Amino acid sequence: EFSQHGYAIYLIIGIIAWTSFATTTLRVASVFREKSGLLGKVHLSLMSLPLYILVSEGVIFFASIGFYIGYLMLIGYPLNGFWLYVPVIYFVQQLLAYSIGYLLGVIGVFVADVKEFLNVALQLWFWLTPIVYVVNILEPKFQFFFTWNPMTHIIGAFRDIVISSESPIALGLLMVLLLGLVILVTGLWLSMKLEKDIRDLL
């Protein structure tokens with residue numbers, strides 16, 4: 001059962017992780033259209049252009065984690081050594097965010113409505129991820145479907161550290177890592193194949 005602060009502890013870490021993931025995905029997906037003038041003036045590789053987004057979102061994420069830790073210390077909530085896994089989980093999360101954003105960013109050069117589609121998809125994805133609710137309240141036959149949601153594994157991994165005081169489940173993170181790599185390779189292949197067209201259109 002949750003303690004007095006239990007739901008807040010559960011909710012905040014989920015919101016921090018989701019916000020970082022969703023914002024990164026959206027920003028990377030929009031970067032080629034937004035920075036089209038820069039691509040025309042400076043010969044930047046398409047892959048390197050969105051990297052500044054990862055840096056800025058990383059600063060925001062770890063600042064948020066710092067405030068979160070401050071909150072936990074203020075209420076006397078115990079911290080543990082498993083917090084050292086946070087950068088690993090965050091890396092896997094952001095690889096997925098960058099990969100999805102990059103692939104959709106390449107497609108978005110040719111298809112104008114990709115950003116609007118992504119906005120809607122992320123809103124739906126938020127509610128299909130156990131962020132504001134607990135999976136255990138659902139019937140077991142529905143719980144199975146959440147294993148197919150990569151963000152369930154990411155947010156679950158953060159909560160394993162914070163709430164369960166244990167190391168995250170490696171298999172879940174490995175599955176998300178592999179998914180991120182497959183999407184990234186697909187995005188890179190597509191951008192290399194279409195690079196001339198992308199630069200001409202922008």
# chains A, B, ... in the order shown; residues from 1 in each chain; ligands from 1
>>> residues_around(residues="Leu179 (chain A)", least_positions_apart="5", cutoff="9 Å", atoms="only C-alpha atoms", output="PyMOL selection string")
chain A and resi 96+150+174+184
>>> write_last_selection(atoms="all heavy atoms", output="mmCIF file, in the first residue's frame")
data_model
loop_
_atom_site.group_PDB
_atom_site.id
_atom_site.type_symbol
_atom_site.label_atom_id
_atom_site.label_comp_id
_atom_site.auth_asym_id
_atom_site.auth_seq_id
_atom_site.Cartn_x
_atom_site.Cartn_y
_atom_site.Cartn_z
ATOM 1 N N LEU A 96 15.674 5.576 -27.563
ATOM 2 C CA LEU A 96 14.373 5.319 -28.179
ATOM 3 C C LEU A 96 13.734 6.623 -28.669
ATOM 4 O O LEU A 96 13.230 6.693 -29.789
ATOM 5 C CB LEU A 96 13.444 4.624 -27.173
ATOM 6 C CG LEU A 96 12.047 4.275 -27.686
ATOM 7 C CD1 LEU A 96 12.124 3.211 -28.786
ATOM 8 C CD2 LEU A 96 11.159 3.798 -26.541
ATOM 9 N N PRO A 150 7.105 -0.085 -24.767
ATOM 10 C CA PRO A 150 8.482 0.124 -24.280
ATOM 11 C C PRO A 150 8.579 1.091 -23.107
ATOM 12 O O PRO A 150 9.427 0.928 -22.225
ATOM 13 C CB PRO A 150 9.226 0.665 -25.518
ATOM 14 C CG PRO A 150 8.162 1.097 -26.477
ATOM 15 C CD PRO A 150 6.970 0.264 -26.192
ATOM 16 N N LEU A 174 16.714 -4.265 -22.108
ATOM 17 C CA LEU A 174 17.410 -4.784 -23.294
ATOM 18 C C LEU A 174 16.479 -4.787 -24.499
ATOM 19 O O LEU A 174 16.883 -4.431 -25.618
ATOM 20 C CB LEU A 174 17.925 -6.203 -23.015
ATOM 21 C CG LEU A 174 18.800 -6.825 -24.105
ATOM 22 C CD1 LEU A 174 20.050 -5.989 -24.356
ATOM 23 C CD2 LEU A 174 19.174 -8.256 -23.730
ATOM 24 N N LEU A 184 16.611 3.311 -35.044
ATOM 25 C CA LEU A 184 17.693 4.235 -35.397
ATOM 26 C C LEU A 184 18.348 3.838 -36.713
ATOM 27 O O LEU A 184 18.567 4.688 -37.585
ATOM 28 C CB LEU A 184 18.739 4.260 -34.272
ATOM 29 C CG LEU A 184 19.934 5.199 -34.497
ATOM 30 C CD1 LEU A 184 19.477 6.648 -34.598
ATOM 31 C CD2 LEU A 184 20.964 5.047 -33.381
#
>>> closest_atom_pairs(of="region 14-95 of chain A", to="region 187-193 of chain A", cutoff="10 Å", atoms="only C-alpha atoms", output="CSV")
residue,atom,partner,partner_atom,distance
A:Ser45,CA,A:Met192,CA,9.8
A:Leu46,CA,A:Ser191,CA,7.4
A:Met47,CA,A:Leu188,CA,7.4
>>> select_by_dssp(residues="chain A", states="helix (DSSP H, G or I)", output="PyMOL selection string")
chain A and resi 6-34+36-41+51-74+81-110+114-127+135-137+140-148+150-162+170-201
>>> residues_around(residues="Leu181 (chain A)", least_positions_apart="4", cutoff="12 Å", atoms="only C-alpha atoms", output="mmCIF file with N, CA, C and O atoms, in the first residue's frame")
data_model
loop_
_atom_site.group_PDB
_atom_site.id
_atom_site.type_symbol
_atom_site.label_atom_id
_atom_site.label_comp_id
_atom_site.auth_asym_id
_atom_site.auth_seq_id
_atom_site.Cartn_x
_atom_site.Cartn_y
_atom_site.Cartn_z
ATOM 1 N N VAL A 92 18.874 4.523 -22.358
ATOM 2 C CA VAL A 92 17.999 3.653 -23.156
ATOM 3 C C VAL A 92 16.737 4.417 -23.577
ATOM 4 O O VAL A 92 16.303 4.345 -24.733
ATOM 5 N N GLN A 93 16.180 5.164 -22.645
ATOM 6 C CA GLN A 93 14.980 5.967 -22.930
ATOM 7 C C GLN A 93 15.232 6.974 -24.045
ATOM 8 O O GLN A 93 14.444 7.111 -24.981
ATOM 9 N N GLN A 94 16.355 7.686 -23.936
ATOM 10 C CA GLN A 94 16.638 8.736 -24.913
ATOM 11 C C GLN A 94 17.078 8.189 -26.267
ATOM 12 O O GLN A 94 16.863 8.829 -27.295
ATOM 13 N N LEU A 95 17.671 6.999 -26.266
ATOM 14 C CA LEU A 95 17.976 6.344 -27.545
ATOM 15 C C LEU A 95 16.676 6.072 -28.291
ATOM 16 O O LEU A 95 16.569 6.325 -29.499
ATOM 17 N N LEU A 96 15.674 5.576 -27.563
ATOM 18 C CA LEU A 96 14.373 5.319 -28.179
ATOM 19 C C LEU A 96 13.734 6.623 -28.669
ATOM 20 O O LEU A 96 13.230 6.693 -29.789
ATOM 21 N N ALA A 97 13.783 7.664 -27.827
ATOM 22 C CA ALA A 97 13.191 8.960 -28.188
ATOM 23 C C ALA A 97 13.877 9.547 -29.432
ATOM 24 O O ALA A 97 13.204 10.009 -30.365
ATOM 25 N N TYR A 98 15.205 9.518 -29.439
ATOM 26 C CA TYR A 98 15.967 10.061 -30.571
ATOM 27 C C TYR A 98 15.661 9.274 -31.844
ATOM 28 O O TYR A 98 15.468 9.857 -32.925
ATOM 29 N N SER A 99 15.605 7.944 -31.721
ATOM 30 C CA SER A 99 15.397 7.084 -32.892
ATOM 31 C C SER A 99 14.028 7.323 -33.525
ATOM 32 O O SER A 99 13.919 7.480 -34.746
ATOM 33 N N ILE A 100 12.990 7.350 -32.669
ATOM 34 C CA ILE A 100 11.633 7.598 -33.185
ATOM 35 C C ILE A 100 11.557 9.000 -33.795
ATOM 36 O O ILE A 100 11.031 9.191 -34.888
ATOM 37 N N TYR A 102 14.000 10.886 -34.962
ATOM 38 C CA TYR A 102 14.823 11.006 -36.174
ATOM 39 C C TYR A 102 14.112 10.406 -37.382
ATOM 40 O O TYR A 102 14.039 11.023 -38.450
ATOM 41 N N LEU A 103 13.562 9.190 -37.210
ATOM 42 C CA LEU A 103 12.857 8.535 -38.315
ATOM 43 C C LEU A 103 11.657 9.371 -38.767
ATOM 44 O O LEU A 103 11.462 9.602 -39.967
ATOM 45 N N LEU A 174 16.714 -4.265 -22.108
ATOM 46 C CA LEU A 174 17.410 -4.784 -23.294
ATOM 47 C C LEU A 174 16.479 -4.787 -24.499
ATOM 48 O O LEU A 174 16.883 -4.431 -25.618
ATOM 49 N N MET A 175 15.219 -5.157 -24.277
ATOM 50 C CA MET A 175 14.225 -5.142 -25.358
ATOM 51 C C MET A 175 14.030 -3.726 -25.903
ATOM 52 O O MET A 175 13.970 -3.522 -27.115
ATOM 53 N N VAL A 176 13.967 -2.747 -24.998
ATOM 54 C CA VAL A 176 13.789 -1.346 -25.428
ATOM 55 C C VAL A 176 15.034 -0.865 -26.165
ATOM 56 O O VAL A 176 14.941 -0.162 -27.175
ATOM 57 N N LEU A 177 16.205 -1.250 -25.663
ATOM 58 C CA LEU A 177 17.472 -0.878 -26.312
ATOM 59 C C LEU A 177 17.519 -1.415 -27.742
ATOM 60 O O LEU A 177 17.858 -0.679 -28.680
ATOM 61 N N VAL A 185 18.661 2.553 -36.861
ATOM 62 C CA VAL A 185 19.283 2.062 -38.101
ATOM 63 C C VAL A 185 18.355 2.316 -39.292
ATOM 64 O O VAL A 185 18.797 2.743 -40.366
ATOM 65 N N THR A 186 17.047 2.094 -39.088
ATOM 66 C CA THR A 186 16.063 2.357 -40.149
ATOM 67 C C THR A 186 16.060 3.840 -40.530
ATOM 68 O O THR A 186 16.070 4.188 -41.722
ATOM 69 N N GLY A 187 16.067 4.712 -39.526
ATOM 70 C CA GLY A 187 16.077 6.153 -39.770
ATOM 71 C C GLY A 187 17.343 6.609 -40.480
ATOM 72 O O GLY A 187 17.285 7.430 -41.407
ATOM 73 N N LEU A 188 18.482 6.071 -40.062
ATOM 74 C CA LEU A 188 19.762 6.444 -40.683
ATOM 75 C C LEU A 188 19.832 5.958 -42.133
ATOM 76 O O LEU A 188 20.298 6.675 -43.018
#
>>> closest_residue(among="A:Ala22, A:Leu72, A:Met151, A:Leu79", to="Asn119 (chain A)", atoms="only C-alpha atoms")
A:Ala22
>>> residues_around(residues="Phe32 (chain A)", least_positions_apart="2", cutoff="10 Å", atoms="only C-alpha atoms", output="CSV table (one decimal) with all heavy atoms, in the first residue's frame")
chain,number,residue,atom,x,y,z
A,27,ARG,N,10.7,17.2,-30.3
A,27,ARG,CA,11.7,18.2,-30.8
A,27,ARG,C,12.6,17.6,-31.9
A,27,ARG,O,12.9,18.3,-32.9
A,27,ARG,CB,12.6,18.7,-29.6
A,27,ARG,CG,11.9,19.5,-28.6
A,27,ARG,CD,12.8,20.0,-27.5
A,27,ARG,NE,13.9,20.9,-28.0
A,27,ARG,CZ,15.0,21.2,-27.3
A,27,ARG,NH1,15.1,20.8,-26.1
A,27,ARG,NH2,15.9,22.1,-27.9
A,28,VAL,N,13.0,16.4,-31.8
A,28,VAL,CA,13.9,15.7,-32.8
A,28,VAL,C,13.1,15.6,-34.1
A,28,VAL,O,13.6,15.8,-35.2
A,28,VAL,CB,14.5,14.4,-32.3
A,28,VAL,CG1,15.2,13.7,-33.5
A,28,VAL,CG2,15.4,14.6,-31.1
A,29,ALA,N,11.8,15.2,-34.0
A,29,ALA,CA,11.0,15.0,-35.1
A,29,ALA,C,10.7,16.3,-35.9
A,29,ALA,O,10.5,16.3,-37.1
A,29,ALA,CB,9.6,14.4,-34.7
A,30,SER,N,10.8,17.4,-35.2
A,30,SER,CA,10.6,18.7,-35.8
A,30,SER,C,11.8,19.5,-36.3
A,30,SER,O,11.7,20.5,-37.0
A,30,SER,CB,9.8,19.6,-34.8
A,30,SER,OG,8.7,19.0,-34.3
A,34,GLU,N,12.4,22.9,-38.7
A,34,GLU,CA,12.7,24.1,-38.0
A,34,GLU,C,14.1,24.7,-38.2
A,34,GLU,O,14.3,25.9,-38.2
A,34,GLU,CB,12.5,23.8,-36.5
A,34,GLU,CG,11.1,23.6,-36.1
A,34,GLU,CD,10.9,23.3,-34.6
A,34,GLU,OE1,12.0,23.2,-33.9
A,34,GLU,OE2,9.8,23.1,-34.1
A,35,LYS,N,15.0,23.8,-38.5
A,35,LYS,CA,16.4,24.3,-38.8
A,35,LYS,C,16.8,24.2,-40.2
A,35,LYS,O,18.0,24.1,-40.6
A,35,LYS,CB,17.4,23.5,-37.9
A,35,LYS,CG,17.1,23.5,-36.4
A,35,LYS,CD,17.4,24.9,-35.8
A,35,LYS,CE,17.2,24.9,-34.3
A,35,LYS,NZ,17.4,26.2,-33.7
A,36,SER,N,15.8,24.3,-41.1
A,36,SER,CA,16.1,24.1,-42.5
A,36,SER,C,17.1,25.2,-43.0
A,36,SER,O,18.0,24.9,-43.9
A,36,SER,CB,14.8,24.2,-43.3
A,36,SER,OG,14.1,25.4,-43.1
A,37,GLY,N,17.0,26.4,-42.5
A,37,GLY,CA,17.9,27.5,-42.9
A,37,GLY,C,19.3,27.2,-42.6
A,37,GLY,O,20.3,27.4,-43.3
A,38,LEU,N,19.5,26.6,-41.4
A,38,LEU,CA,20.9,26.2,-40.9
A,38,LEU,C,21.5,25.1,-41.8
A,38,LEU,O,22.7,25.2,-42.1
A,38,LEU,CB,20.8,25.8,-39.5
A,38,LEU,CG,22.2,25.4,-38.8
A,38,LEU,CD1,23.0,26.7,-38.7
A,38,LEU,CD2,21.9,24.9,-37.4
A,39,LEU,N,20.7,24.1,-42.2
A,39,LEU,CA,21.1,23.1,-43.0
A,39,LEU,C,21.6,23.6,-44.4
A,39,LEU,O,22.5,23.0,-45.0
A,39,LEU,CB,20.0,22.0,-43.2
A,39,LEU,CG,19.9,20.9,-42.1
A,39,LEU,CD1,18.7,20.1,-42.4
A,39,LEU,CD2,21.2,20.1,-42.0
A,46,LEU,N,23.0,15.1,-41.2
A,46,LEU,CA,21.6,15.1,-40.7
A,46,LEU,C,21.5,14.5,-39.3
A,46,LEU,O,20.7,14.9,-38.5
A,46,LEU,CB,20.7,14.3,-41.7
A,46,LEU,CG,20.5,14.9,-43.1
A,46,LEU,CD1,19.7,14.0,-44.0
A,46,LEU,CD2,19.9,16.3,-43.0
A,49,LEU,N,22.6,17.0,-36.4
A,49,LEU,CA,21.8,18.2,-36.2
A,49,LEU,C,21.0,18.1,-34.9
A,49,LEU,O,21.0,19.1,-34.1
A,49,LEU,CB,21.0,18.5,-37.4
A,49,LEU,CG,20.1,19.7,-37.3
A,49,LEU,CD1,20.9,21.0,-37.1
A,49,LEU,CD2,19.2,19.9,-38.5
A,50,PRO,N,20.3,17.0,-34.6
A,50,PRO,CA,19.4,17.0,-33.4
A,50,PRO,C,20.2,16.7,-32.1
A,50,PRO,O,19.5,16.7,-31.1
A,50,PRO,CB,18.5,15.8,-33.7
A,50,PRO,CG,18.7,15.4,-35.1
A,50,PRO,CD,20.1,15.8,-35.5
A,102,TYR,N,14.0,10.9,-35.0
A,102,TYR,CA,14.8,11.0,-36.2
A,102,TYR,C,14.1,10.4,-37.4
A,102,TYR,O,14.0,11.0,-38.5
A,102,TYR,CB,16.2,10.3,-36.0
A,102,TYR,CG,17.2,10.5,-37.1
A,102,TYR,CD1,17.9,11.7,-37.1
A,102,TYR,CD2,17.3,9.6,-38.1
A,102,TYR,CE1,18.8,11.9,-38.2
A,102,TYR,CE2,18.2,9.8,-39.2
A,102,TYR,CZ,18.9,11.0,-39.2
A,102,TYR,OH,19.8,11.2,-40.2
A,105,GLY,N,11.3,12.5,-38.2
A,105,GLY,CA,11.8,13.8,-38.8
A,105,GLY,C,12.1,13.7,-40.2
A,105,GLY,O,11.9,14.6,-41.0
A,106,VAL,N,12.8,12.6,-40.6
A,106,VAL,CA,13.1,12.3,-42.0
A,106,VAL,C,11.8,12.2,-42.9
A,106,VAL,O,11.7,12.9,-43.9
A,106,VAL,CB,13.9,11.0,-42.2
A,106,VAL,CG1,14.1,10.7,-43.6
A,106,VAL,CG2,15.3,11.2,-41.5
A,108,GLY,N,9.0,13.4,-42.0
A,108,GLY,CA,8.3,14.7,-41.9
A,108,GLY,C,8.7,15.8,-42.9
A,108,GLY,O,8.0,16.7,-43.2
A,109,VAL,N,9.9,15.6,-43.5
A,109,VAL,CA,10.4,16.5,-44.6
A,109,VAL,C,9.5,16.3,-45.8
A,109,VAL,O,9.2,17.3,-46.5
A,109,VAL,CB,11.9,16.2,-45.0
A,109,VAL,CG1,12.3,17.0,-46.2
A,109,VAL,CG2,12.8,16.4,-43.8
A,198,ILE,N,16.2,15.4,-49.3
A,198,ILE,CA,15.9,16.2,-48.1
A,198,ILE,C,16.5,17.6,-48.1
A,198,ILE,O,15.8,18.6,-47.9
A,198,ILE,CB,16.5,15.4,-46.8
A,198,ILE,CG1,15.6,14.1,-46.6
A,198,ILE,CG2,16.4,16.3,-45.6
A,198,ILE,CD1,16.3,13.2,-45.6
A,199,ARG,N,17.8,17.6,-48.5
A,199,ARG,CA,18.4,19.0,-48.6
A,199,ARG,C,17.8,19.8,-49.7
A,199,ARG,O,17.7,21.1,-49.5
A,199,ARG,CB,19.9,18.8,-48.8
A,199,ARG,CG,20.7,18.1,-47.6
A,199,ARG,CD,22.2,18.1,-47.8
A,199,ARG,NE,22.8,17.4,-46.7
A,199,ARG,CZ,23.1,18.0,-45.5
A,199,ARG,NH1,22.9,19.3,-45.3
A,199,ARG,NH2,23.7,17.3,-44.6
A,202,LEU,N,14.5,21.2,-48.3
A,202,LEU,CA,14.6,22.1,-47.2
A,202,LEU,C,15.3,23.4,-47.7
A,202,LEU,O,15.2,24.4,-47.1
A,202,LEU,CB,15.4,21.5,-46.1
A,202,LEU,CG,14.8,20.3,-45.3
A,202,LEU,CD1,15.7,19.7,-44.3
A,202,LEU,CD2,13.5,20.8,-44.6
>>> atom_distance(atom1="CA of Ile65 (chain A)", atom2="CA of Ile9 (chain A)")
11.9 Å
>>> closest_residue(among="A:Ile75, A:Ile60, A:Leu26, A:Ile89", to="His5 (chain A)", atoms="only C-alpha atoms")
A:Ile75
>>> closest_residue(among="A:Ser167, A:Thr25, A:Thr129, A:Ser56", to="Leu11 (chain A)", atoms="only C-alpha atoms")
A:Thr129
>>> residues_around(residues="region 135-148 of chain A", least_positions_apart="5", cutoff="12 Å", atoms="only C-alpha atoms", output="PyMOL selection string")
chain A and resi 1+125+127-130+153-156+171-173+175-176+179
>>> closest_residue(among="A:Val120, A:Val31, A:Met73, A:Val132", to="Leu51 (chain A)", atoms="only C-alpha atoms")
A:Val31
>>> closest_residue(among="A:Val114, A:Ile131, A:Leu124, A:Ile163", to="Ala17 (chain A)", atoms="only C-alpha atoms")
A:Ile131
>>> atom_distance(atom1="CA of Val42 (chain A)", atom2="CA of Leu201 (chain A)")
15.6 Å
>>> residues_around(residues="Phe61 (chain A)", least_positions_apart="6", cutoff="9 Å", atoms="only C-alpha atoms", output="PyMOL selection string")
chain A and resi 16-17+19-20+90
>>> atom_distance(atom1="CA of Ala8 (chain A)", atom2="CA of Tyr71 (chain A)")
10.3 Å
>>> closest_residue(among="A:Ile161, A:Ala112, A:Ile53, A:Ala170", to="Thr23 (chain A)", atoms="only C-alpha atoms")
A:Ile53
>>> decode(residues="region 169-192 of chain A", atoms="N, CA, C and O atoms", output="tab-separated table (two decimals), in the first residue's frame")
chain	number	residue	atom	x	y	z
A	169	ILE	N	14.74	-4.47	-14.11
A	169	ILE	CA	14.73	-5.75	-14.84
A	169	ILE	C	15.49	-5.57	-16.16
A	169	ILE	O	15.08	-4.79	-17.03
A	170	ALA	N	16.60	-6.30	-16.28
A	170	ALA	CA	17.50	-6.11	-17.42
A	170	ALA	C	16.84	-6.49	-18.74
A	170	ALA	O	17.07	-5.83	-19.75
A	171	LEU	N	16.00	-7.53	-18.75
A	171	LEU	CA	15.40	-8.00	-19.99
A	171	LEU	C	14.52	-6.92	-20.62
A	171	LEU	O	14.57	-6.70	-21.84
A	172	GLY	N	13.72	-6.25	-19.80
A	172	GLY	CA	12.86	-5.19	-20.31
A	172	GLY	C	13.66	-4.07	-20.94
A	172	GLY	O	13.34	-3.59	-22.04
A	173	LEU	N	14.73	-3.65	-20.27
A	173	LEU	CA	15.57	-2.57	-20.80
A	173	LEU	C	16.29	-3.01	-22.07
A	173	LEU	O	16.45	-2.22	-23.00
A	174	LEU	N	16.71	-4.26	-22.11
A	174	LEU	CA	17.41	-4.78	-23.29
A	174	LEU	C	16.48	-4.79	-24.50
A	174	LEU	O	16.88	-4.43	-25.62
A	175	MET	N	15.22	-5.16	-24.28
A	175	MET	CA	14.22	-5.14	-25.36
A	175	MET	C	14.03	-3.73	-25.90
A	175	MET	O	13.97	-3.52	-27.12
A	176	VAL	N	13.97	-2.75	-25.00
A	176	VAL	CA	13.79	-1.35	-25.43
A	176	VAL	C	15.03	-0.87	-26.17
A	176	VAL	O	14.94	-0.16	-27.18
A	177	LEU	N	16.20	-1.25	-25.66
A	177	LEU	CA	17.47	-0.88	-26.31
A	177	LEU	C	17.52	-1.41	-27.74
A	177	LEU	O	17.86	-0.68	-28.68
A	178	LEU	N	17.17	-2.68	-27.92
A	178	LEU	CA	17.18	-3.29	-29.26
A	178	LEU	C	16.17	-2.62	-30.18
A	178	LEU	O	16.46	-2.37	-31.35
A	179	LEU	N	14.99	-2.33	-29.64
A	179	LEU	CA	13.96	-1.63	-30.43
A	179	LEU	C	14.48	-0.27	-30.88
A	179	LEU	O	14.34	0.11	-32.06
A	180	GLY	N	15.10	0.47	-29.97
A	180	GLY	CA	15.66	1.78	-30.29
A	180	GLY	C	16.72	1.69	-31.37
A	180	GLY	O	16.75	2.51	-32.31
A	181	LEU	N	17.57	0.67	-31.30
A	181	LEU	CA	18.64	0.50	-32.29
A	181	LEU	C	18.07	0.16	-33.67
A	181	LEU	O	18.55	0.67	-34.69
A	182	VAL	N	17.03	-0.69	-33.70
A	182	VAL	CA	16.41	-1.06	-34.98
A	182	VAL	C	15.79	0.18	-35.63
A	182	VAL	O	15.96	0.42	-36.84
A	183	ILE	N	15.08	0.99	-34.84
A	183	ILE	CA	14.45	2.20	-35.38
A	183	ILE	C	15.52	3.20	-35.82
A	183	ILE	O	15.39	3.85	-36.86
A	184	LEU	N	16.61	3.31	-35.04
A	184	LEU	CA	17.69	4.23	-35.40
A	184	LEU	C	18.35	3.84	-36.71
A	184	LEU	O	18.57	4.69	-37.59
A	185	VAL	N	18.66	2.55	-36.86
A	185	VAL	CA	19.28	2.06	-38.10
A	185	VAL	C	18.36	2.32	-39.29
A	185	VAL	O	18.80	2.74	-40.37
A	186	THR	N	17.05	2.09	-39.09
A	186	THR	CA	16.06	2.36	-40.15
A	186	THR	C	16.06	3.84	-40.53
A	186	THR	O	16.07	4.19	-41.72
A	187	GLY	N	16.07	4.71	-39.53
A	187	GLY	CA	16.08	6.15	-39.77
A	187	GLY	C	17.34	6.61	-40.48
A	187	GLY	O	17.28	7.43	-41.41
A	188	LEU	N	18.48	6.07	-40.06
A	188	LEU	CA	19.76	6.44	-40.68
A	188	LEU	C	19.83	5.96	-42.13
A	188	LEU	O	20.30	6.68	-43.02
A	189	TRP	N	19.37	4.73	-42.34
A	189	TRP	CA	19.35	4.20	-43.72
A	189	TRP	C	18.47	5.06	-44.62
A	189	TRP	O	18.86	5.41	-45.74
A	190	LEU	N	17.31	5.43	-44.12
A	190	LEU	CA	16.38	6.25	-44.90
A	190	LEU	C	16.96	7.64	-45.18
A	190	LEU	O	16.86	8.15	-46.30
A	191	SER	N	17.60	8.23	-44.17
A	191	SER	CA	18.15	9.58	-44.35
A	191	SER	C	19.33	9.58	-45.32
A	191	SER	O	19.50	10.52	-46.09
A	192	MET	N	20.13	8.52	-45.30
A	192	MET	CA	21.25	8.43	-46.25
A	192	MET	C	20.73	8.23	-47.67
A	192	MET	O	21.26	8.80	-48.62
